[in-house]
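Structure, as structure tokens:
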Amino acid sequence: MIRVALIGCGGMAWMYRRVYTRLPDVELTLAVDVNEFQLQHCLELGAKRVSRHFEDALTDDIDLIDISTPNHLHAEQAIAALQSGKHVIIQKPISNQLVDADRIVDVAEQSPGLAGMFMSSYNNPLIWELKRLIDEGYLGTIHTVHARDAHRGGLLAKPGTWRADRNRTGGGSFIQLSIHAINLIQYWIQGPHH
């Protein structure tokens, strides 16, 4: 049984948090958020307990911590989790600053826990099929790639919130959206063994 603590239950976590309650051999042991509505919904989904405090995820009954909080909180939370020996999944981007991303990687290399970054694009079977078609030569040699990704979420960001703050996001729409295209392009064209 993998006992999971979901840190940050709104935003994109709202879209997939119930997956933890449906996976075999996985238990949504703890949901952490500052929003009581989000916590109540997690209880209704089957979370064993809820909290408003990240530190409650560092207990012995947690194996994996899913960090789905705003970008500027990722480094502090991931480092604390890894130093506690937990496995960590960080929602993209790994952090809002490169120096903090490097710190997370350094701590992960010393931790008994594993660290990874979740990129939601890989939920789409088409991503895997395109990789197969490229690797098997069906699409010829790739010379150029054009990518476009957009949604209205940024237009809804209220002044003063983290999504409307370049420093807290780490770069606005580029880090929030373009990271998906860059990641997929690298995955698709690096060859079959990467």
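Note on naming: chains are A, B, ... as they come in the structure tokens, residues start from 1 per chain, ligands start from 1 in the order shown.
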
Within 9 Å of range 104-120 of chain A, counting only C-alpha atoms, which residues qualify if same-chain residues fewer than 2 places away don't, as a PyMOL selection string? chain A and resi 63-64+74-76+78-79+81-95+99-102+122-124+180+183

Export C-alpha atoms of the chosen residues as a short mmCIF file (atom, residue, chain, number, x, y, z; two decimals), in the first residue's frame?
data_model
loop_
_atom_site.label_atom_id
_atom_site.label_comp_id
_atom_site.auth_asym_id
_atom_site.auth_seq_id
_atom_site.Cartn_x
_atom_site.Cartn_y
_atom_site.Cartn_z
CA ASP A 63 5.09 7.20 1.81
CA LEU A 64 4.64 9.63 -1.08
CA HIS A 74 7.61 23.72 -4.38
CA ALA A 75 11.25 23.97 -3.30
CA GLU A 76 10.66 24.36 0.43
CA ALA A 78 9.95 19.16 -1.78
CA ILE A 79 13.20 19.59 0.13
CA ALA A 81 9.73 15.93 2.13
CA LEU A 82 12.90 14.47 0.63
CA GLN A 83 14.89 15.17 3.79
CA SER A 84 12.19 13.21 5.65
CA GLY A 85 12.84 10.25 3.34
CA LYS A 86 9.54 10.55 1.45
CA HIS A 87 9.03 9.89 -2.24
CA VAL A 88 7.97 13.13 -3.95
CA ILE A 89 5.99 13.99 -7.06
CA ILE A 90 6.16 17.67 -7.92
CA GLN A 91 3.60 19.14 -10.27
CA LYS A 92 5.25 21.11 -13.06
CA PRO A 93 7.28 23.24 -12.99
CA ILE A 94 9.75 21.82 -10.50
CA SER A 95 10.15 25.31 -9.01
CA VAL A 99 18.51 27.74 -8.25
CA ASP A 100 15.69 26.12 -6.25
CA ALA A 101 15.22 23.42 -8.90
CA ASP A 102 18.93 22.61 -8.56
CA TYR A 122 1.47 12.20 -20.60
CA ASN A 123 -2.08 11.30 -19.56
CA ASN A 124 -3.06 11.52 -23.24
CA HIS A 180 4.47 21.25 -21.80
CA ASN A 183 9.01 18.81 -22.66
#

Give the helix (DSSP H, G or I) residues of chain A, as assigned by DSSP on the backbone, as a short mmCIF file (atom, residue, chain, number, x, y, z; two decimals) with N, CA and C atoms, in the first residue's frame.
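Contents of selection.cif, as written:
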data_model
loop_
_atom_site.label_atom_id
_atom_site.label_comp_id
_atom_site.auth_asym_id
_atom_site.auth_seq_id
_atom_site.Cartn_x
_atom_site.Cartn_y
_atom_site.Cartn_z
N ALA A 13 -4.88 19.93 -9.30
CA ALA A 13 -5.11 18.78 -8.43
C ALA A 13 -6.60 18.44 -8.35
N TRP A 14 -7.44 19.45 -8.52
CA TRP A 14 -8.89 19.23 -8.53
C TRP A 14 -9.26 18.24 -9.64
N MET A 15 -8.52 18.29 -10.74
CA MET A 15 -8.85 17.46 -11.90
C MET A 15 -8.48 15.99 -11.71
N TYR A 16 -7.45 15.71 -10.93
CA TYR A 16 -7.00 14.32 -10.87
C TYR A 16 -6.89 13.76 -9.47
N VAL A 19 -8.16 10.32 -8.63
CA VAL A 19 -7.43 9.16 -9.15
C VAL A 19 -6.79 8.39 -8.00
N TYR A 20 -6.27 9.12 -7.01
CA TYR A 20 -5.64 8.45 -5.87
C TYR A 20 -6.62 7.55 -5.12
N THR A 21 -7.88 7.87 -5.15
CA THR A 21 -8.86 7.05 -4.44
C THR A 21 -9.31 5.84 -5.28
N ARG A 22 -8.91 5.79 -6.54
CA ARG A 22 -9.31 4.69 -7.43
C ARG A 22 -8.19 3.72 -7.75
N GLU A 36 -10.85 25.28 3.16
CA GLU A 36 -11.70 24.27 3.82
C GLU A 36 -12.61 23.53 2.84
N PHE A 37 -13.10 24.22 1.80
CA PHE A 37 -13.95 23.56 0.81
C PHE A 37 -13.19 22.43 0.12
N GLN A 38 -11.93 22.70 -0.27
CA GLN A 38 -11.13 21.67 -0.92
C GLN A 38 -10.92 20.48 0.01
N LEU A 39 -10.66 20.76 1.28
CA LEU A 39 -10.44 19.68 2.24
C LEU A 39 -11.69 18.84 2.44
N GLN A 40 -12.83 19.49 2.53
CA GLN A 40 -14.09 18.77 2.70
C GLN A 40 -14.35 17.85 1.50
N HIS A 41 -14.06 18.36 0.31
CA HIS A 41 -14.26 17.53 -0.89
C HIS A 41 -13.34 16.32 -0.88
N CYS A 42 -12.10 16.51 -0.41
CA CYS A 42 -11.17 15.37 -0.33
C CYS A 42 -11.67 14.33 0.66
N LEU A 43 -12.24 14.76 1.77
CA LEU A 43 -12.83 13.82 2.72
C LEU A 43 -13.96 13.04 2.07
N GLU A 44 -14.78 13.74 1.30
CA GLU A 44 -15.90 13.08 0.61
C GLU A 44 -15.40 12.07 -0.42
N LEU A 45 -14.23 12.33 -1.00
CA LEU A 45 -13.65 11.40 -1.97
C LEU A 45 -13.05 10.18 -1.30
N PHE A 54 1.34 21.73 6.07
CA PHE A 54 2.23 20.85 5.32
C PHE A 54 2.98 19.88 6.22
N GLU A 55 3.42 20.32 7.36
CA GLU A 55 4.24 19.50 8.26
C GLU A 55 3.53 18.20 8.64
N ASP A 56 2.22 18.17 8.57
CA ASP A 56 1.48 16.95 8.91
C ASP A 56 1.73 15.84 7.89
N ALA A 57 2.32 16.16 6.75
CA ALA A 57 2.63 15.15 5.73
C ALA A 57 3.96 14.45 6.01
N LEU A 58 4.72 14.93 6.97
CA LEU A 58 6.04 14.38 7.23
C LEU A 58 6.00 13.27 8.28
N ASN A 71 3.78 27.35 -7.51
CA ASN A 71 5.17 27.11 -7.89
C ASN A 71 6.19 27.59 -6.86
N HIS A 72 5.97 28.73 -6.26
CA HIS A 72 6.95 29.30 -5.33
C HIS A 72 7.06 28.53 -4.01
N LEU A 73 6.16 27.59 -3.77
CA LEU A 73 6.22 26.77 -2.57
C LEU A 73 6.89 25.42 -2.80
N HIS A 74 7.10 25.06 -4.05
CA HIS A 74 7.61 23.72 -4.38
C HIS A 74 8.93 23.39 -3.72
N ALA A 75 9.91 24.29 -3.79
CA ALA A 75 11.25 23.97 -3.30
C ALA A 75 11.24 23.67 -1.81
N GLU A 76 10.67 24.56 -1.03
CA GLU A 76 10.66 24.36 0.43
C GLU A 76 9.97 23.05 0.79
N GLN A 77 8.83 22.78 0.17
CA GLN A 77 8.08 21.58 0.50
C GLN A 77 8.77 20.32 -0.01
N ALA A 78 9.28 20.34 -1.23
CA ALA A 78 9.95 19.16 -1.78
C ALA A 78 11.21 18.82 -0.99
N ILE A 79 11.97 19.84 -0.63
CA ILE A 79 13.20 19.59 0.13
C ILE A 79 12.87 19.01 1.50
N ALA A 80 11.89 19.55 2.18
CA ALA A 80 11.50 19.02 3.49
C ALA A 80 11.03 17.57 3.37
N ALA A 81 10.24 17.29 2.33
CA ALA A 81 9.73 15.93 2.13
C ALA A 81 10.87 14.95 1.84
N LEU A 82 11.77 15.34 0.97
CA LEU A 82 12.90 14.47 0.63
C LEU A 82 13.82 14.26 1.83
N GLN A 83 14.05 15.31 2.60
CA GLN A 83 14.89 15.17 3.79
C GLN A 83 14.23 14.27 4.83
N LEU A 98 15.42 28.56 -11.02
CA LEU A 98 16.38 27.52 -11.39
C LEU A 98 17.24 27.11 -10.20
N VAL A 99 17.67 28.06 -9.40
CA VAL A 99 18.51 27.74 -8.25
C VAL A 99 17.77 26.81 -7.28
N ASP A 100 16.47 27.00 -7.12
CA ASP A 100 15.69 26.12 -6.25
C ASP A 100 15.48 24.75 -6.89
N ALA A 101 15.33 24.71 -8.20
CA ALA A 101 15.22 23.42 -8.90
C ALA A 101 16.50 22.61 -8.68
N ASP A 102 17.64 23.29 -8.80
CA ASP A 102 18.93 22.61 -8.56
C ASP A 102 19.03 22.11 -7.13
N ARG A 103 18.54 22.88 -6.18
CA ARG A 103 18.56 22.46 -4.77
C ARG A 103 17.72 21.20 -4.58
N ILE A 104 16.56 21.16 -5.20
CA ILE A 104 15.70 19.98 -5.09
C ILE A 104 16.42 18.75 -5.63
N VAL A 105 17.04 18.89 -6.79
CA VAL A 105 17.77 17.77 -7.40
C VAL A 105 18.91 17.32 -6.49
N ASP A 106 19.65 18.27 -5.91
CA ASP A 106 20.77 17.92 -5.02
C ASP A 106 20.28 17.16 -3.80
N VAL A 107 19.19 17.61 -3.20
CA VAL A 107 18.65 16.94 -2.02
C VAL A 107 18.11 15.56 -2.41
N ALA A 108 17.47 15.46 -3.56
CA ALA A 108 16.93 14.18 -4.02
C ALA A 108 18.03 13.14 -4.20
N GLU A 109 19.19 13.58 -4.66
CA GLU A 109 20.30 12.64 -4.85
C GLU A 109 20.81 12.07 -3.53
N GLN A 110 20.57 12.75 -2.43
CA GLN A 110 21.02 12.30 -1.11
C GLN A 110 19.91 11.61 -0.32
N SER A 120 1.17 16.61 -16.95
CA SER A 120 -0.16 16.08 -17.27
C SER A 120 -0.33 15.68 -18.73
N SER A 121 0.50 16.18 -19.62
CA SER A 121 0.37 15.82 -21.04
C SER A 121 0.49 14.31 -21.27
N TYR A 122 1.25 13.63 -20.42
CA TYR A 122 1.47 12.20 -20.60
C TYR A 122 0.23 11.37 -20.27
N ASN A 123 -0.82 12.01 -19.78
CA ASN A 123 -2.08 11.30 -19.56
C ASN A 123 -2.80 11.00 -20.87
N PRO A 125 -3.11 9.34 -24.39
CA PRO A 125 -2.51 8.23 -25.16
C PRO A 125 -1.91 8.67 -26.50
N LEU A 126 -2.40 9.78 -27.06
CA LEU A 126 -1.86 10.27 -28.32
C LEU A 126 -0.37 10.63 -28.19
N ILE A 127 0.04 11.10 -27.03
CA ILE A 127 1.45 11.45 -26.80
C ILE A 127 2.32 10.22 -27.02
N TRP A 128 1.90 9.10 -26.47
CA TRP A 128 2.68 7.86 -26.58
C TRP A 128 2.64 7.31 -28.01
N GLU A 129 1.51 7.45 -28.68
CA GLU A 129 1.40 6.97 -30.06
C GLU A 129 2.28 7.80 -30.99
N LEU A 130 2.32 9.12 -30.79
CA LEU A 130 3.20 9.96 -31.61
C LEU A 130 4.66 9.58 -31.40
N LYS A 131 5.05 9.30 -30.17
CA LYS A 131 6.42 8.86 -29.89
C LYS A 131 6.73 7.58 -30.66
N ARG A 132 5.80 6.63 -30.65
CA ARG A 132 6.02 5.38 -31.37
C ARG A 132 6.16 5.63 -32.87
N LEU A 133 5.28 6.47 -33.43
CA LEU A 133 5.34 6.77 -34.87
C LEU A 133 6.66 7.44 -35.25
N ILE A 134 7.14 8.33 -34.43
CA ILE A 134 8.42 9.00 -34.70
C ILE A 134 9.56 8.01 -34.60
N ASP A 135 9.60 7.24 -33.51
CA ASP A 135 10.68 6.28 -33.29
C ASP A 135 10.75 5.23 -34.38
N ARG A 152 -7.68 30.11 -21.10
CA ARG A 152 -8.06 31.40 -20.54
C ARG A 152 -7.72 31.55 -19.06
N GLY A 153 -7.06 30.56 -18.49
CA GLY A 153 -6.77 30.59 -17.06
C GLY A 153 -6.02 31.84 -16.63
N GLY A 154 -5.03 32.25 -17.42
CA GLY A 154 -4.27 33.44 -17.08
C GLY A 154 -5.11 34.70 -17.07
N LEU A 155 -6.13 34.73 -17.92
CA LEU A 155 -7.01 35.89 -17.95
C LEU A 155 -7.85 36.00 -16.69
N LEU A 156 -8.03 34.88 -16.02
CA LEU A 156 -8.83 34.86 -14.80
C LEU A 156 -8.02 35.11 -13.54
N TRP A 162 -0.99 34.36 -6.76
CA TRP A 162 0.29 33.83 -7.22
C TRP A 162 0.34 33.67 -8.74
N ARG A 163 -0.78 33.32 -9.36
CA ARG A 163 -0.79 33.13 -10.82
C ARG A 163 -0.60 34.45 -11.58
N ALA A 164 -0.86 35.56 -10.92
CA ALA A 164 -0.69 36.86 -11.55
C ALA A 164 0.66 37.49 -11.20
N ARG A 166 4.69 37.23 -11.61
CA ARG A 166 5.77 36.62 -12.39
C ARG A 166 6.81 35.94 -11.50
N ASN A 167 7.13 36.53 -10.36
CA ASN A 167 8.13 35.94 -9.47
C ASN A 167 7.63 34.65 -8.84
N ARG A 168 6.39 34.60 -8.46
CA ARG A 168 5.87 33.39 -7.83
C ARG A 168 5.60 32.28 -8.84
N THR A 169 5.22 32.62 -10.07
CA THR A 169 5.05 31.57 -11.09
C THR A 169 6.39 31.12 -11.63
N SER A 173 3.18 32.84 -18.43
CA SER A 173 2.61 31.82 -19.31
C SER A 173 3.66 30.89 -19.90
N PHE A 174 4.88 31.36 -20.05
CA PHE A 174 5.92 30.47 -20.59
C PHE A 174 6.13 29.28 -19.66
N ILE A 175 6.32 29.54 -18.40
CA ILE A 175 6.59 28.46 -17.45
C ILE A 175 5.32 27.67 -17.15
N GLN A 176 4.17 28.30 -17.28
CA GLN A 176 2.91 27.63 -16.97
C GLN A 176 2.41 26.77 -18.13
N LEU A 177 2.62 27.20 -19.37
CA LEU A 177 2.08 26.47 -20.52
C LEU A 177 3.15 25.94 -21.46
N SER A 178 4.09 26.78 -21.86
CA SER A 178 5.09 26.36 -22.86
C SER A 178 5.95 25.22 -22.38
N ILE A 179 6.07 25.06 -21.09
CA ILE A 179 6.86 23.96 -20.53
C ILE A 179 6.34 22.61 -21.05
N HIS A 180 5.03 22.50 -21.27
CA HIS A 180 4.47 21.25 -21.80
C HIS A 180 4.99 20.97 -23.20
N ALA A 181 4.94 21.96 -24.06
CA ALA A 181 5.39 21.77 -25.44
C ALA A 181 6.88 21.46 -25.50
N ILE A 182 7.67 22.19 -24.75
CA ILE A 182 9.12 21.96 -24.76
C ILE A 182 9.43 20.55 -24.27
N ASN A 183 8.79 20.14 -23.19
CA ASN A 183 9.01 18.81 -22.66
C ASN A 183 8.63 17.73 -23.68
N LEU A 184 7.47 17.88 -24.32
CA LEU A 184 7.03 16.88 -25.28
C LEU A 184 7.92 16.83 -26.51
N ILE A 185 8.33 17.98 -26.99
CA ILE A 185 9.22 18.01 -28.16
C ILE A 185 10.52 17.27 -27.84
N GLN A 186 11.08 17.53 -26.66
CA GLN A 186 12.30 16.82 -26.26
C GLN A 186 12.06 15.32 -26.19
N TYR A 187 10.95 14.93 -25.60
CA TYR A 187 10.63 13.51 -25.49
C TYR A 187 10.46 12.86 -26.86
N TRP A 188 9.73 13.52 -27.74
CA TRP A 188 9.47 12.94 -29.05
C TRP A 188 10.71 12.80 -29.92
N ILE A 189 11.59 13.77 -29.91
CA ILE A 189 12.69 13.74 -30.90
C ILE A 189 14.03 13.27 -30.36
#

Backbone-only DSSP, strand (DSSP E) members of chain A, as a PyMOL selection string: chain A and resi 2-7+26-32+49-51+64-67+87-91+115-118

Prev. selection, C-alpha atoms, output as a PDB file, in the first residue's frame:
ATOM      1  CA  ILE A   2       1.352   3.413  -1.003  1.00  0.00           C
ATOM      2  CA  ARG A   3       0.106   6.052   1.407  1.00  0.00           C
ATOM      3  CA  VAL A   4      -0.155   9.433  -0.290  1.00  0.00           C
ATOM      4  CA  ALA A   5      -0.301  12.984   1.032  1.00  0.00           C
ATOM      5  CA  LEU A   6      -1.711  15.434  -1.513  1.00  0.00           C
ATOM      6  CA  ILE A   7      -0.369  18.913  -0.778  1.00  0.00           C
ATOM      7  CA  VAL A  26      -2.892   3.382  -3.053  1.00  0.00           C
ATOM      8  CA  GLU A  27      -4.465   5.245  -0.169  1.00  0.00           C
ATOM      9  CA  LEU A  28      -5.121   8.988  -0.074  1.00  0.00           C
ATOM     10  CA  THR A  29      -4.004   9.188   3.531  1.00  0.00           C
ATOM     11  CA  LEU A  30      -3.789  12.970   3.860  1.00  0.00           C
ATOM     12  CA  ALA A  31      -5.002  16.031   1.973  1.00  0.00           C
ATOM     13  CA  VAL A  32      -3.442  19.388   2.837  1.00  0.00           C
ATOM     14  CA  ARG A  49      -7.641  12.804   7.117  1.00  0.00           C
ATOM     15  CA  VAL A  50      -7.106  16.450   6.178  1.00  0.00           C
ATOM     16  CA  SER A  51      -4.969  19.284   7.447  1.00  0.00           C
ATOM     17  CA  LEU A  64       4.640   9.633  -1.079  1.00  0.00           C
ATOM     18  CA  ILE A  65       4.004  13.372  -1.104  1.00  0.00           C
ATOM     19  CA  ASP A  66       2.358  14.935  -4.163  1.00  0.00           C
ATOM     20  CA  ILE A  67       3.211  18.642  -4.199  1.00  0.00           C
ATOM     21  CA  HIS A  87       9.026   9.890  -2.237  1.00  0.00           C
ATOM     22  CA  VAL A  88       7.973  13.126  -3.945  1.00  0.00           C
ATOM     23  CA  ILE A  89       5.988  13.990  -7.059  1.00  0.00           C
ATOM     24  CA  ILE A  90       6.162  17.674  -7.922  1.00  0.00           C
ATOM     25  CA  GLN A  91       3.600  19.140 -10.275  1.00  0.00           C
ATOM     26  CA  ALA A 115      11.678  12.490  -6.750  1.00  0.00           C
ATOM     27  CA  GLY A 116       9.828  13.053  -9.979  1.00  0.00           C
ATOM     28  CA  MET A 117       7.891  15.730 -11.789  1.00  0.00           C
ATOM     29  CA  PHE A 118       4.355  15.208 -13.048  1.00  0.00           C
TER      30      PHE A 118
END

If I take CA of Asp33 in chain A and CA of Pro70 in chain A, how far is one from the other in Å, to one decimal?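 So the two atoms, CA of Asp33 in chain A and CA of Pro70 in chain A, lie 11.2 Å apart.
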
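As for CA of Gly170 in chain A and CA of Gln97 in chain A, they are spaced 6.0 Å apart.
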
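Rounded to one decimal, CA of Gln190 in chain A and CA of Gly172 in chain A lie 26.9 Å from each other.
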